[in-house]
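First comes the structure, then the notes that go with it.
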Amino acid sequence: MIFKSSTTAVPDTPLVPRHVAIIMDGNGRWATKRLLPRVAGHVKGVEAVRTVVEACVERGIEYLTLFAFSSENWRRPQEEVSLLMRLFVTALEREVSKMHANNIRLKVVGDLSRFDPKLQEMIAGAMRKTANNTRLTVTVCANYGGRWDIMQATGKMVAANPGATDFTEEMLAPHLAMAYAPEPDLFIRTGGEERISNFLLWQLAYSELYFTDTFWPDFDSQSLDAAIASYQSRERRFGRTGEQVAKKS
Ligand code: IPE
Ligand code: IPE
Ligand code: MG
């Protein structure tokens, strides 16, 4: 399916966001506050993922995108990085069958070539298994960076158009890692920081942004509802005037 781009057309503005993208931040501080090692926050963070996935299914959200590991997170201490990798493996082992039983499609996007080959195989297997599920698409962004995405898409676009010197957004967009999804309606960042941290740079062009101080391990279905309520109170103008928007609805 081809989705409307927010810059070349005016997309629909669904009452319930069709696509929610989340930067799950604050695991480390959640743990430190409790005098626990940072890893305890990551473990608890996986539980929050389960809760939010279920809440999205109940609310009829079609796409949930989760930033799990950025292209810059390799800069962390080696032990934390390997621990996050191990957690990723166990989460896949434990959750994929359940997701499949619940008709959930799993996608993992990012530069996966840097992961252990075994993990890469697990990811490919999980994506194959759930490929035809239709209730909710959960995308995990792993070793993902918005700049990486734009660069890899640019490379593919150039290769697909040999000799071309003029390029358009429509030529680039199909090569982005998440071309299978509409642009996010609602972006959420937990943990109190108000920045994008190289998440979906292209796709967030007209997303509604929501920041909360809640640490990711404490984020639950009520927190999601608060974010959705905030989204529902916004007027999405996409460059037009408020009067134009009012006339259309
Ligand atoms: C988000 O929590 C999880 C990852 C980046 C993997 P953090 O680990 O960034 O937690 P804080 O920001 O240090 O509290
Ligand atoms: C962003 O969080 C990445 C993920 C949640 C995976 P970070 O904690 O890495 O972001 P910065 O470093 O505070 O910007
Ligand atoms: Mg952080």
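For the structure tokens, the naming scheme is as follows: chains receive sequential letters (A, B, ...) according to their order of presentation, residues are indexed from 1 within each chain, and ligands are indexed from 1 in presentation order.
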Stretch 232-246 of chain A surroundings by only C-alpha atoms, 10 Å radius, close-in-sequence under 4 positions cut, as a list in words: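 Returned residues: Ser6, Thr7, Ala9, Val10, Pro11, Asp12, Thr13, Pro14, Leu15, Val16, Pro17, Asp185, Leu186, Ala205, Tyr206, Ser207, Glu208, Ala226, Ala227 and Ile228 of chain A.
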Residue list (helix (DSSP H, G or I), DSSP) for stretch 46-248 of chain A, as a PyMOL selection string: chain A and resi 46-59+73-75+78-101+112-114+117-130+146-160+169-175+216-218+221-232+242-248
Near-stretch 124-132 of chain A list (10 Å; only C-alpha atoms; drop same-chain fewer than 4 positions) as number ranges by chain: A: 92-93, 95-97, 99-108, 118-120, 137
Let me see the file: selected residues, N, CA, C and O atoms, as a compact mmCIF listing (two decimals), in the first residue's frame.
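Done, and the output landed in selection.txt:
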# COMPACT_ATOMS: atom_id res chain seq x y z
N LEU A 92 12.90 -11.95 22.23
CA LEU A 92 12.45 -12.61 20.99
C LEU A 92 12.00 -14.04 21.29
O LEU A 92 10.93 -14.47 20.86
N GLU A 93 12.84 -14.76 22.06
CA GLU A 93 12.51 -16.15 22.40
C GLU A 93 11.16 -16.26 23.09
O GLU A 93 10.38 -17.16 22.81
N GLU A 95 8.63 -13.81 23.37
CA GLU A 95 7.44 -13.06 22.92
C GLU A 95 6.93 -13.40 21.53
O GLU A 95 5.76 -13.18 21.24
N VAL A 96 7.79 -13.91 20.65
CA VAL A 96 7.38 -14.02 19.25
C VAL A 96 6.17 -14.94 19.06
O VAL A 96 5.23 -14.58 18.34
N SER A 97 6.16 -16.10 19.75
CA SER A 97 5.01 -17.01 19.58
C SER A 97 3.73 -16.36 20.07
O SER A 97 2.67 -16.47 19.44
N MET A 99 3.12 -13.16 20.19
CA MET A 99 2.73 -12.13 19.22
C MET A 99 2.02 -12.78 18.04
O MET A 99 0.99 -12.31 17.57
N HIS A 100 2.59 -13.88 17.58
CA HIS A 100 2.02 -14.57 16.43
C HIS A 100 0.59 -15.03 16.75
O HIS A 100 -0.33 -14.85 15.94
N ALA A 101 0.41 -15.60 17.95
CA ALA A 101 -0.92 -16.07 18.35
C ALA A 101 -1.92 -14.92 18.41
O ALA A 101 -3.12 -15.12 18.23
N ASN A 102 -1.42 -13.72 18.67
CA ASN A 102 -2.29 -12.55 18.75
C ASN A 102 -2.38 -11.78 17.43
O ASN A 102 -2.83 -10.63 17.41
N ASN A 103 -1.95 -12.40 16.35
CA ASN A 103 -2.06 -11.80 15.01
C ASN A 103 -1.24 -10.51 14.88
O ASN A 103 -1.64 -9.57 14.20
N ILE A 104 -0.10 -10.46 15.59
CA ILE A 104 0.76 -9.27 15.54
C ILE A 104 1.95 -9.53 14.61
O ILE A 104 2.60 -10.58 14.69
N ARG A 105 2.20 -8.59 13.74
CA ARG A 105 3.35 -8.68 12.83
C ARG A 105 4.54 -7.98 13.47
O ARG A 105 4.40 -6.86 13.97
N LEU A 106 5.69 -8.63 13.46
CA LEU A 106 6.89 -8.01 14.03
C LEU A 106 7.86 -7.62 12.91
O LEU A 106 8.13 -8.41 12.01
N LYS A 107 8.34 -6.39 12.99
CA LYS A 107 9.36 -5.93 12.06
C LYS A 107 10.53 -5.41 12.89
O LYS A 107 10.32 -4.79 13.94
N VAL A 108 11.73 -5.65 12.44
CA VAL A 108 12.89 -5.06 13.09
C VAL A 108 13.63 -4.28 12.01
O VAL A 108 13.96 -4.83 10.96
N LYS A 118 23.72 -14.99 14.86
CA LYS A 118 22.62 -15.78 15.45
C LYS A 118 21.41 -14.90 15.73
O LYS A 118 20.27 -15.30 15.51
N LEU A 119 21.68 -13.70 16.24
CA LEU A 119 20.60 -12.76 16.50
C LEU A 119 19.94 -12.34 15.18
O LEU A 119 18.71 -12.26 15.08
N GLN A 120 20.76 -12.13 14.17
CA GLN A 120 20.22 -11.77 12.85
C GLN A 120 19.28 -12.86 12.34
O GLN A 120 18.22 -12.58 11.78
N THR A 137 1.11 -3.94 13.69
CA THR A 137 2.50 -4.10 13.28
C THR A 137 3.39 -3.45 14.32
O THR A 137 3.29 -2.25 14.55
Atom-to-atom span, atom CA of A:Phe211 and atom CA of A:Arg29, Å: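 Atom CA of A:Arg29 lies 16.3 Å from atom CA of A:Phe211.
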Write out as a Markdown table the residues of chain A that have any atom within 10 Å of an atom of ligand 1, one row each with the nearest atom pair and its distance in Å to one decimal, counting only C-alpha atoms and all ligand atoms, sorted by chain and then rising number.
| residue | atom | partner | partner_atom_place_in_ligand_line | distance |
| --- | --- | --- | --- | --- |
| A:Ile23 | CA | ligand 1 | 1 (C) | 7.6 |
| A:Met24 | CA | ligand 1 | 1 (C) | 5.3 |
| A:Asp25 | CA | ligand 1 | 1 (C) | 3.7 |
| A:Gly26 | CA | ligand 1 | 14 (O) | 3.3 |
| A:Asn27 | CA | ligand 1 | 10 (O) | 3.9 |
| A:Gly28 | CA | ligand 1 | 14 (O) | 3.6 |
| A:Arg29 | CA | ligand 1 | 14 (O) | 3.6 |
| A:Trp30 | CA | ligand 1 | 14 (O) | 6.2 |
| A:Ala31 | CA | ligand 1 | 14 (O) | 7.9 |
| A:Thr32 | CA | ligand 1 | 14 (O) | 8.1 |
| A:Lys33 | CA | ligand 1 | 14 (O) | 9.5 |
| A:Arg38 | CA | ligand 1 | 8 (O) | 7.1 |
| A:Val39 | CA | ligand 1 | 8 (O) | 8.3 |
| A:Gly41 | CA | ligand 1 | 8 (O) | 7.6 |
| A:His42 | CA | ligand 1 | 3 (C) | 6.5 |
| A:Gly45 | CA | ligand 1 | 3 (C) | 7.8 |
| A:Val46 | CA | ligand 1 | 3 (C) | 9.9 |
| A:Phe67 | CA | ligand 1 | 5 (C) | 7.9 |
| A:Ala68 | CA | ligand 1 | 6 (C) | 5.4 |
| A:Phe69 | CA | ligand 1 | 6 (C) | 5.0 |
| A:Ser70 | CA | ligand 1 | 5 (C) | 6.9 |
| A:Glu72 | CA | ligand 1 | 5 (C) | 9.2 |
| A:Asn73 | CA | ligand 1 | 5 (C) | 6.5 |
| A:Trp74 | CA | ligand 1 | 6 (C) | 9.8 |
| A:Arg76 | CA | ligand 1 | 8 (O) | 9.2 |
| A:Glu80 | CA | ligand 1 | 8 (O) | 8.8 |
| A:Val81 | CA | ligand 1 | 6 (C) | 8.3 |
| A:Leu83 | CA | ligand 1 | 6 (C) | 10.0 |
| A:Leu84 | CA | ligand 1 | 6 (C) | 6.8 |
| A:Met85 | CA | ligand 1 | 6 (C) | 9.7 |
| A:Ala142 | CA | ligand 1 | 6 (C) | 9.3 |
| A:Thr190 | CA | ligand 1 | 1 (C) | 8.9 |
| A:Gly191 | CA | ligand 1 | 12 (O) | 6.5 |
| A:Gly192 | CA | ligand 1 | 12 (O) | 8.8 |
| A:Glu193 | CA | ligand 1 | 12 (O) | 8.2 |
| A:Phe215 | CA | ligand 1 | 14 (O) | 7.4 |
| A:Trp216 | CA | ligand 1 | 2 (O) | 7.3 |
| A:Pro217 | CA | ligand 1 | 2 (O) | 9.0 |
Going by DSSP on the backbone, which residues of stretch 87-222 of chain A come out as strand (DSSP E)? List them as a short mmCIF file (atom, residue, chain, number, x, y, z; two decimals) with C-alpha atoms, in the first residue's frame.
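Listed below is the output, selection28.cif:
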data_model
loop_
_atom_site.label_atom_id
_atom_site.label_comp_id
_atom_site.auth_asym_id
_atom_site.auth_seq_id
_atom_site.Cartn_x
_atom_site.Cartn_y
_atom_site.Cartn_z
CA ILE A 104 0.76 -9.27 15.54
CA ARG A 105 3.35 -8.68 12.83
CA LEU A 106 6.89 -8.01 14.03
CA LYS A 107 9.36 -5.93 12.06
CA VAL A 108 12.89 -5.06 13.09
CA VAL A 109 14.52 -2.18 11.24
CA LEU A 136 -0.95 -4.65 14.74
CA THR A 137 2.50 -4.10 13.28
CA VAL A 138 5.15 -3.72 15.97
CA THR A 139 8.40 -2.30 14.62
CA VAL A 140 11.49 -2.50 16.78
CA CYS A 141 14.18 -0.03 15.71
CA ALA A 142 17.53 -1.66 16.50
CA ASN A 143 20.87 -0.14 15.56
CA TYR A 144 18.62 2.39 13.90
CA LEU A 186 1.89 10.47 17.44
CA PHE A 187 5.48 10.50 18.72
CA ILE A 188 6.05 9.83 22.41
CA ARG A 189 9.30 10.20 24.34
CA GLU A 208 2.43 15.32 16.93
CA LEU A 209 5.15 15.30 19.60
CA TYR A 210 4.45 14.29 23.19
CA PHE A 211 7.02 14.30 25.98
#
Nearest-residue call for ligand 2, choices A:Ile123, A:Leu112, A:Ile196, A:Ala55, using only C-alpha atoms and all ligand atoms: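 Nearest to ligand 2: A:Ile196.
Residue nearest ligand 2 within the list A:Val52, A:Leu200, A:Leu64, A:Ala91: A:Leu200 [criterion: smallest interatomic distance, only C-alpha atoms and all ligand atoms].
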9 Å contact set for A:Gln152, only C-alpha atoms, chain neighbours under 6 positions out, as a ChimeraX atom specification: /A:175-177
Best match for closeness to ligand 2 among A:Phe199, A:Tyr63, A:Tyr180, A:Phe3, counting only C-alpha atoms and all ligand atoms: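 Under the stated criterion, the closest residue is A:Phe199.
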Proximity to ligand 2 - best of A:Ile22, A:Met122, A:Cys56, A:Met151, only C-alpha atoms and all ligand atoms: A:Ile22
